[in-house]
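Structure data follow from target.pdb (PDB, C-alpha atoms):
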```pdb
ATOM      1  CA  MET A  25       0.125  -8.351  17.515
ATOM      2  CA  ALA A  26      -2.822 -10.749  17.307
ATOM      3  CA  GLY A  27      -2.668 -10.613  13.507
ATOM      4  CA  LYS A  28       1.005 -11.667  13.498
ATOM      5  CA  ARG A  29       0.297 -14.547  15.883
ATOM      6  CA  GLY A  30      -2.534 -15.748  13.647
ATOM      7  CA  ILE A  31      -0.312 -15.724  10.551
ATOM      8  CA  VAL A  32       2.431 -17.667  12.347
ATOM      9  CA  LEU A  33      -0.020 -20.284  13.655
ATOM     10  CA  ALA A  34      -1.625 -20.723  10.238
ATOM     11  CA  ALA A  35       1.779 -21.163   8.582
ATOM     12  CA  ALA A  36       2.842 -23.687  11.227
ATOM     13  CA  GLY A  37      -0.391 -25.638  10.736
ATOM     14  CA  ILE A  38       0.048 -25.772   6.955
ATOM     15  CA  LEU A  39       3.657 -26.927   7.270
ATOM     16  CA  LEU A  40       2.675 -29.620   9.800
ATOM     17  CA  VAL A  41      -0.045 -31.011   7.523
ATOM     18  CA  ALA A  42       2.352 -30.964   4.562
ATOM     19  CA  ALA A  43       4.991 -32.808   6.589
ATOM     20  CA  LEU A  44       2.494 -35.526   7.621
ATOM     21  CA  VAL A  45       1.312 -35.992   4.026
ATOM     22  CA  LEU A  46       4.888 -36.251   2.762
ATOM     23  CA  ALA A  47       5.790 -38.754   5.479
ATOM     24  CA  TYR A  48       2.803 -40.957   4.578
ATOM     25  CA  TYR A  49       3.565 -40.963   0.866
ATOM     26  CA  SER A  50       7.262 -41.476   1.476
ATOM     27  CA  LEU A  51       6.601 -44.596   3.559
ATOM     28  CA  PHE A  52       3.634 -46.182   1.805
ATOM     29  CA  VAL A  53       3.057 -44.732  -1.656
ATOM     30  CA  TRP A  54       6.174 -43.453  -3.353
ATOM     31  CA  PRO A  55       8.257 -46.053  -5.229
ATOM     32  CA  HIS A  56      11.669 -46.658  -3.704
ATOM     33  CA  ASP A  57      14.669 -46.992  -5.950
ATOM     34  CA  ALA A  58      16.452 -50.315  -5.913
ATOM     35  CA  ARG A  59      20.097 -50.311  -4.951
ATOM     36  CA  VAL A  60      22.585 -50.035  -7.796
ATOM     37  CA  VAL A  61      25.250 -52.692  -8.169
ATOM     38  CA  ASP A  62      28.558 -50.837  -8.283
ATOM     39  CA  PRO A  63      30.674 -51.532 -10.208
ATOM     40  CA  ALA A  64      28.571 -52.953 -13.049
ATOM     41  CA  PRO A  65      29.639 -56.403 -14.363
ATOM     42  CA  SER A  66      32.033 -56.333 -17.317
ATOM     43  CA  GLY A  67      30.791 -57.079 -20.798
ATOM     44  CA  LEU A  68      27.919 -54.556 -20.695
ATOM     45  CA  PRO A  69      27.796 -51.476 -22.967
ATOM     46  CA  PRO A  70      29.164 -48.216 -21.507
ATOM     47  CA  GLY A  71      26.550 -46.335 -19.489
ATOM     48  CA  SER A  72      24.744 -49.501 -18.371
ATOM     49  CA  ILE A  73      23.281 -49.624 -14.837
ATOM     50  CA  VAL A  74      22.652 -52.875 -12.975
ATOM     51  CA  TYR A  75      20.242 -52.944 -10.020
ATOM     52  CA  GLU A  76      19.984 -55.596  -7.315
ATOM     53  CA  GLY A  77      17.975 -58.525  -8.531
ATOM     54  CA  GLY A  78      19.558 -58.489 -11.984
ATOM     55  CA  TYR A  79      17.566 -55.579 -13.492
ATOM     56  CA  VAL A  80      19.766 -53.962 -16.174
ATOM     57  CA  VAL A  81      19.331 -50.551 -17.829
ATOM     58  CA  MET A  82      21.561 -49.846 -20.849
ATOM     59  CA  PRO A  83      21.677 -47.252 -23.648
ATOM     60  CA  ALA A  84      19.669 -48.182 -26.762
ATOM     61  CA  SER A  85      21.886 -48.812 -29.795
ATOM     62  CA  GLU A  86      22.164 -51.191 -32.720
ATOM     63  CA  ALA A  87      24.938 -52.971 -30.844
ATOM     64  CA  ASN A  88      22.708 -54.238 -28.014
ATOM     65  CA  LEU A  89      19.223 -54.372 -29.590
ATOM     66  CA  THR A  90      17.761 -56.673 -32.195
ATOM     67  CA  PRO A  91      16.418 -55.161 -35.428
ATOM     68  CA  GLU A  92      12.864 -55.718 -34.133
ATOM     69  CA  GLN A  93      13.660 -53.878 -30.877
ATOM     70  CA  MET A  94      15.354 -51.029 -32.754
ATOM     71  CA  ALA A  95      12.275 -50.665 -34.952
ATOM     72  CA  GLN A  96      10.129 -50.161 -31.826
ATOM     73  CA  ALA A  97      12.566 -47.849 -30.054
ATOM     74  CA  ASP A  98      11.663 -44.153 -29.961
ATOM     75  CA  THR A  99      14.778 -41.966 -29.978
ATOM     76  CA  GLY A 100      13.080 -38.730 -31.081
ATOM     77  CA  GLY A 101      12.976 -37.174 -27.585
ATOM     78  CA  ALA A 102       9.846 -36.159 -25.633
ATOM     79  CA  ASP A 103       6.540 -36.382 -27.486
ATOM     80  CA  ARG A 104       5.178 -33.227 -25.846
ATOM     81  CA  ALA A 105       5.494 -30.974 -22.801
ATOM     82  CA  VAL A 106       3.741 -32.284 -19.695
ATOM     83  CA  SER A 107       2.100 -29.781 -17.347
ATOM     84  CA  PHE A 108       2.535 -29.942 -13.604
ATOM     85  CA  TRP A 109      -1.038 -31.169 -13.120
ATOM     86  CA  GLU A 110      -0.430 -34.131 -15.461
ATOM     87  CA  LEU A 111       2.436 -35.424 -13.347
ATOM     88  CA  PRO A 112       1.824 -38.319 -10.944
ATOM     89  CA  LEU A 113       0.293 -37.335  -7.606
ATOM     90  CA  TRP A 114       3.418 -38.258  -5.663
ATOM     91  CA  ILE A 115       5.504 -35.829  -7.725
ATOM     92  CA  GLN A 116       2.949 -33.075  -7.174
ATOM     93  CA  LEU A 117       2.969 -33.747  -3.435
ATOM     94  CA  TYR A 118       6.753 -33.769  -3.435
ATOM     95  CA  ALA A 119       6.691 -30.204  -4.774
ATOM     96  CA  LEU A 120       4.014 -29.134  -2.269
ATOM     97  CA  PRO A 121       6.319 -27.954   0.578
ATOM     98  CA  GLY A 122       8.200 -25.586  -1.723
ATOM     99  CA  LEU A 123       4.919 -24.250  -3.065
ATOM    100  CA  ILE A 124       3.541 -23.726   0.440
ATOM    101  CA  VAL A 125       6.711 -21.983   1.607
ATOM    102  CA  GLY A 126       6.626 -19.767  -1.476
ATOM    103  CA  VAL A 127       2.990 -18.820  -0.904
ATOM    104  CA  ILE A 128       3.605 -18.094   2.788
ATOM    105  CA  ALA A 129       6.696 -16.021   1.975
ATOM    106  CA  ALA A 130       4.804 -14.049  -0.673
ATOM    107  CA  ALA A 131       1.878 -13.475   1.718
ATOM    108  CA  ALA A 132       4.211 -12.386   4.525
ATOM    109  CA  ALA A 133       6.035 -10.008   2.173
ATOM    110  CA  GLY A 134       2.704  -8.583   1.009
ATOM    111  CA  VAL A 135       1.536  -8.042   4.600
ATOM    112  CA  PHE A 136       4.848  -6.365   5.461
ATOM    113  CA  VAL A 137       4.691  -4.019   2.452
ATOM    114  CA  VAL A 138       1.045  -3.094   3.136
ATOM    115  CA  ARG A 139       1.672  -2.454   6.841
ATOM    116  CA  ARG A 140       4.791  -0.396   6.152
ATOM    117  CA  SER A 141       2.960   1.651   3.525
ATOM    118  CA  ARG A 142       0.039   2.196   5.909
ATOM    119  CA  LYS A 143       2.416   3.181   8.713
ATOM    120  CA  ILE A 144       4.141   5.781   6.503
ATOM    121  CA  ASP A 145       0.759   7.004   5.253
ATOM    122  CA  ASN A 146      -0.565   7.458   8.799
ATOM    123  CA  ALA A 147       2.664   9.171   9.892
ATOM    124  CA  ASN A 148       2.353  11.662   7.036
ATOM    125  CA  LYS A 149      -1.280  12.349   7.877
ATOM    126  CA  LEU A 150      -0.461  12.892  11.556
ATOM    127  CA  GLY A 151       2.439  15.165  10.584
ATOM    128  CA  ALA A 152       0.146  17.260   8.374
ATOM    129  CA  TYR A 153      -2.432  17.538  11.173
ATOM    130  CA  THR A 154       0.238  18.560  13.696
ATOM    131  CA  TYR A 155       1.547  21.243  11.347
ATOM    132  CA  ILE A 156      -1.970  22.632  10.801
ATOM    133  CA  THR A 157      -2.566  22.659  14.565
ATOM    134  CA  ASP A 158       0.664  24.576  15.175
ATOM    135  CA  ASN A 159       0.145  26.914  12.200
ATOM    136  CA  PRO A 160      -3.523  27.941  11.997
ATOM    137  CA  GLY A 161      -4.384  29.585   8.708
ATOM    138  CA  CYS A 162      -1.652  27.805   6.753
ATOM    139  CA  THR A 163      -2.090  26.737   3.120
ATOM    140  CA  ALA A 164      -1.516  23.395   1.389
ATOM    141  CA  PRO A 165       1.874  24.471  -0.052
ATOM    142  CA  GLU A 166       2.972  25.519   3.442
ATOM    143  CA  VAL A 167       1.982  22.105   4.814
ATOM    144  CA  ALA A 168       3.960  20.441   2.025
ATOM    145  CA  ARG A 169       7.083  22.524   2.723
ATOM    146  CA  GLY A 170       6.733  22.256   6.493
ATOM    147  CA  ARG A 171       6.451  18.441   6.427
ATOM    148  CA  GLY A 172       8.797  17.742   3.507
ATOM    149  CA  LEU A 173       6.001  16.309   1.328
ATOM    150  CA  ASN A 174       5.242  16.843  -2.329
ATOM    151  CA  ILE A 175       2.171  18.981  -2.909
ATOM    152  CA  GLY A 176       0.071  16.065  -4.187
ATOM    153  CA  THR A 177       0.700  14.034  -1.020
ATOM    154  CA  ALA A 178      -0.017  17.056   1.167
ATOM    155  CA  ARG A 179      -3.340  17.717  -0.607
ATOM    156  CA  TYR A 180      -4.267  14.023  -0.291
ATOM    157  CA  HIS A 181      -3.805  14.052   3.494
ATOM    158  CA  ILE A 182      -5.546  17.415   3.834
ATOM    159  CA  GLN A 183      -8.536  15.930   1.999
ATOM    160  CA  ARG A 184      -8.508  12.893   4.299
ATOM    161  CA  LEU A 185      -8.402  15.091   7.397
ATOM    162  CA  GLN A 186     -11.244  17.223   6.029
ATOM    163  CA  ASN A 187     -13.355  14.117   5.305
ATOM    164  CA  GLU A 188     -12.767  12.974   8.891
ATOM    165  CA  GLY A 189     -13.992  16.339  10.181
ATOM    166  CA  ARG A 190     -10.679  17.148  11.850
ATOM    167  CA  ILE A 191      -9.911  20.284   9.835
ATOM    168  CA  VAL A 192     -11.821  22.939   7.930
ATOM    169  CA  LEU A 193     -10.803  24.855   4.797
ATOM    170  CA  GLN A 194     -11.869  28.447   4.276
ATOM    171  CA  LYS A 195     -11.191  30.855   1.429
ATOM    172  CA  ILE A 196      -9.813  34.124   2.858
ATOM    173  CA  GLY A 197      -8.665  36.654   0.291
ATOM    174  CA  LYS A 198      -6.679  34.915  -2.440
ATOM    175  CA  TYR A 199      -5.825  31.825  -0.409
ATOM    176  CA  THR A 200      -7.588  28.758   0.940
ATOM    177  CA  ARG A 201      -6.654  28.639   4.613
ATOM    178  CA  ILE A 202      -6.640  25.516   6.770
ATOM    179  CA  PHE A 203      -7.680  25.310  10.425
ATOM    180  CA  VAL A 204      -8.334  22.523  12.880
ATOM    181  CA  ASN A 205     -12.014  21.656  13.095
ATOM    182  CA  SER A 206     -14.647  24.341  12.617
ATOM    183  CA  HIS A 207     -15.449  24.702  16.336
ATOM    184  CA  THR A 208     -11.937  25.817  17.325
ATOM    185  CA  TYR A 209     -11.751  29.310  15.775
ATOM    186  CA  ASN A 210     -14.390  31.923  15.108
ATOM    187  CA  ASP A 211     -14.395  33.975  11.906
ATOM    188  CA  ARG A 212     -12.472  36.891  13.450
ATOM    189  CA  GLU A 213      -9.752  34.603  14.768
ATOM    190  CA  LYS A 214      -9.433  32.922  11.363
ATOM    191  CA  LEU A 215      -9.006  36.323   9.753
ATOM    192  CA  ILE A 216      -6.293  37.296  12.237
ATOM    193  CA  ALA A 217      -4.527  33.953  11.745
ATOM    194  CA  SER A 218      -4.478  34.461   7.982
ATOM    195  CA  HIS A 219      -2.740  37.844   8.425
ATOM    196  CA  LEU A 220      -0.174  36.277  10.752
ATOM    197  CA  ARG A 221       0.860  33.879   7.952
ATOM    198  CA  SER A 222       2.348  36.886   6.112
ATOM    199  CA  ASP A 223       5.829  37.949   7.201
ATOM    200  CA  SER A 224       5.154  41.604   6.411
ATOM    201  CA  SER A 225       1.785  41.721   8.200
ATOM    202  CA  ARG A 226       3.275  39.934  11.181
ATOM    203  CA  LYS A 227       6.170  42.427  11.461
ATOM    204  CA  ILE A 228       3.811  45.381  11.144
ATOM    205  CA  LEU A 229       1.485  44.022  13.841
ATOM    206  CA  GLY A 230       4.444  43.360  16.149
ATOM    207  CA  ALA A 231       5.728  46.909  15.647
ATOM    208  CA  ILE A 232       2.316  48.410  16.401
ATOM    209  CA  MET A 233       2.065  46.276  19.560
ATOM    210  CA  ASP A 234       5.512  47.489  20.641
ATOM    211  CA  THR A 235       4.829  51.127  19.728
ATOM    212  CA  PRO A 236       1.095  51.981  19.873
ATOM    213  CA  GLY A 237       0.343  55.188  17.946
ATOM    214  CA  ILE A 238       3.164  54.644  15.426
ATOM    215  CA  SER A 239       2.884  56.405  12.061
ATOM    216  CA  ASN A 240       3.189  54.960   8.581
ATOM    217  CA  GLN A 241       6.557  56.715   8.066
ATOM    218  CA  LYS A 242       8.002  55.371  11.319
ATOM    219  CA  LEU A 243       6.802  51.853  10.444
ATOM    220  CA  SER A 244       8.585  52.156   7.104
ATOM    221  CA  ASP A 245      11.810  53.302   8.753
ATOM    222  CA  MET A 246      11.666  50.703  11.535
ATOM    223  CA  LEU A 247      10.972  47.722   9.286
ATOM    224  CA  GLY A 248      13.020  48.795   6.289
ATOM    225  CA  MET A 249       9.983  48.550   4.004
ATOM    226  CA  GLU A 250       8.819  50.895   1.274
ATOM    227  CA  LYS A 251       6.255  53.374   2.568
ATOM    228  CA  SER A 252       3.825  52.380  -0.196
ATOM    229  CA  LEU A 253       4.138  48.707   0.774
ATOM    230  CA  VAL A 254       3.489  49.483   4.441
ATOM    231  CA  PHE A 255       0.460  51.529   3.415
ATOM    232  CA  ARG A 256      -0.930  48.633   1.358
ATOM    233  CA  TYR A 257      -0.642  46.165   4.253
ATOM    234  CA  MET A 258      -2.033  48.695   6.715
ATOM    235  CA  GLN A 259      -5.056  49.212   4.483
ATOM    236  CA  LYS A 260      -5.871  45.485   4.601
ATOM    237  CA  LEU A 261      -5.481  45.410   8.387
ATOM    238  CA  LEU A 262      -7.735  48.452   8.727
ATOM    239  CA  ASP A 263     -10.371  46.962   6.385
ATOM    240  CA  ASP A 264     -10.434  43.747   8.429
ATOM    241  CA  GLY A 265     -10.781  45.623  11.734
ATOM    242  CA  ILE A 266      -7.522  44.336  13.227
ATOM    243  CA  VAL A 267      -5.940  47.808  13.369
ATOM    244  CA  THR A 268      -7.484  51.210  14.043
ATOM    245  CA  CYS A 269      -6.091  54.670  13.368
ATOM    246  CA  GLU A 270      -6.342  58.214  14.714
ATOM    247  CA  TRP A 271      -5.377  61.410  12.989
ATOM    248  CA  GLU A 272      -2.766  63.720  14.503
ATOM    249  CA  GLY A 273      -2.404  66.642  12.178
ATOM    250  CA  LYS A 274      -1.564  65.178   8.787
ATOM    251  CA  ASN A 275      -0.359  61.837  10.185
ATOM    252  CA  LYS A 276      -2.283  58.642  10.859
ATOM    253  CA  LEU A 277      -1.365  56.906  14.091
ATOM    254  CA  TYR A 278      -2.034  53.149  14.267
ATOM    255  CA  TYR A 279      -3.201  50.982  17.176
ATOM    256  CA  ILE A 280      -4.253  47.340  17.593
ATOM    257  CA  SER A 281      -8.040  47.064  17.784
ATOM    258  CA  GLN A 282      -9.452  46.372  21.229
ATOM    259  CA  GLY A 283     -10.802  42.940  20.313
ATOM    260  CA  ALA A 284      -7.759  41.819  18.311
ATOM    261  CA  LYS A 285      -4.997  41.866  20.937
ATOM    262  CA  GLU A 286      -5.942  38.665  22.784
ATOM    263  CA  PRO A 287      -6.364  36.583  19.572
ATOM    264  CA  LEU A 288      -3.030  37.949  18.311
ATOM    265  CA  ILE A 289      -1.269  36.810  21.481
ATOM    266  CA  ARG A 290      -2.923  33.369  21.342
ATOM    267  CA  LEU A 291      -2.518  32.716  17.605
ATOM    268  CA  MET A 292       1.024  34.000  17.110
ATOM    269  CA  PRO A 293       3.159  30.870  16.486
ATOM    270  CA  ARG A 294       6.105  30.518  18.849
ATOM    271  CA  ASN A 295       8.688  30.858  16.097
ATOM    272  CA  TYR A 296       6.979  34.086  14.960
ATOM    273  CA  GLN A 297       6.610  35.562  18.442
ATOM    274  CA  CYS A 298       6.936  39.342  18.547
ATOM    275  CA  PRO A 299       8.103  40.813  21.897
ATOM    276  CA  GLY A 300       5.321  43.405  21.835
ATOM    277  CA  LEU A 301       2.611  40.760  21.719
ATOM    278  CA  MET A 302       3.464  39.736  25.262
ATOM    279  CA  LYS A 303       2.856  43.236  26.677
ATOM    280  CA  GLU A 304      -0.367  44.236  28.356
TER     281      GLU A 304
END
```

Show the structure stored in the file as structure tokens.
Amino acid sequence: MAGKRGIVLAAAGILLVAALVLAYYSLFVWPHDARVVDPAPSGLPPGSIVYEGGYVVMPASEANLTPEQMAQADTGGADRAVSFWELPLWIQLYALPGLIVGVIAAAAAGVFVVRRSRKIDNANKLGAYTYITDNPGCTAPEVARGRGLNIGTARYHIQRLQNEGRIVLQKIGKYTRIFVNSHTYNDREKLIASHLRSDSSRKILGAIMDTPGISNQKLSDMLGMEKSLVFRYMQKLLDDGIVTCEWEGKNKLYYISQGAKEPLIRLMPRNYQCPGLMKE
């Protein structure tokens, strides 16, 4: 607000000074045209102009000039182009208001463009940060899709947020995961969050929470997934200590690890919420 007020006051001051200078030169410096006598007296060549006081301006031609005057007349047009700075001072000052207005308009347009660009830039950065906060363990492409940004813009804002210390990037498995600053989540919670970013892992974890002691075959039937695919995801969850298993005859029965239930409940995004995660 203060910046806008300063620009307005500066513009008003410049215009006031320009108006005073123009008034001074208009009254005391600039030549004033004499009044034209209208109509011009008869007997003068066409195009002649007569001013008060008897001053006559007429077109140069052999009809109204002596041979000596014609010899001195220059009818070849302008000798050369004259730059603005070679014009008389009063002409330069006459053009000053337009120049000032143009400069002020250009400066105001530049300020507007810069502020609008900065506003959009900050909005995109805030949007990226909000998405990361709501989706711990997300990746740069997920941020881009979630916020409607191209991947280059998303990576740019992720880098800015990382430089500001507001987020941390960590390589987990094949992906670089993004979390709000490094003091928010411990390593186990980051690992759990990364599994929750997978639809298949999330469904499997929800099913185990709903039905502790479920077998691989029952998971396959319940979720409509190939048994081999369920087995592959279960192996990752077992390796990372999020799920445990017990043998019952030839079948493995799966349970959520004791220390993983609370982080699962806390880190499960609302739109991914599994009913079983809310059970004790």

Please provide the set of residues having any atom within 12 Å of Thr157 in chain A, restricted to only C-alpha atoms, with same-chain residues fewer than 3 positions apart removed, written as a PyMOL selection string. chain A and resi 150-154+160-162+167+185+190-192+202-205+208-209+217+291+293

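The interatomic distance for the pair CA of Leu215 in chain A and CA of Asp264 in chain A works out to 7.7 Å.
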
Measure the distance from CA of Gln282 in chain A to CA of Asn240 in chain A in Å and round it to one decimal.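 Computing the Euclidean distance for CA of Gln282 in chain A and CA of Asn240 in chain A yields 19.8 Å.
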
Identify, on the basis of all atoms listed in the file, every residue whose closest approach to range 218-224 of chain A does not exceed 12 Å; exclude the query and any residue fewer than 4 positions from it along the same chain; express the result as a PyMOL selection string. chain A and resi 156+158-163+166+193-203+209+211-214+228-231+243-244+247-250+253-258+260-262+264-267+284+287-298

By how many Å are CA of Asn146 in chain A and CA of His181 in chain A apart?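 These atoms are spaced 9.1 Å apart.
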
Selection result for the PyMOL selection byres ((chain A and resi 279) around 7) on this file, as a ChimeraX atom specification: /A:232,236-237,267-269,277-278,280-281

Report as AutoDock Vina command-line options the centre and the edge lengths, in Å to one decimal, of the axis-aligned box holding every listed atom of range 150-161 of chain A, padded by 6 Å on each side.
```
--center_x -1.0 --center_y 21.2 --center_z 11.8 --size_x 18.8 --size_y 28.7 --size_z 18.8
```

Rank nothing, just name the residue among A:Arg139, A:Lys149, A:Lys251, A:Lys227 nearest to Ile182 in chain A, using all atoms listed in the file.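 When distances to Ile182 in chain A are compared using all atoms listed in the file, the smallest one comes from A:Lys149.
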
Pick from A:Val127, A:Ile216, A:Ile73, A:Ala105: nearest to Gly283 in chain A, with all atoms listed in the file counted?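 Closest residue, counting all atoms listed in the file: A:Ile216.
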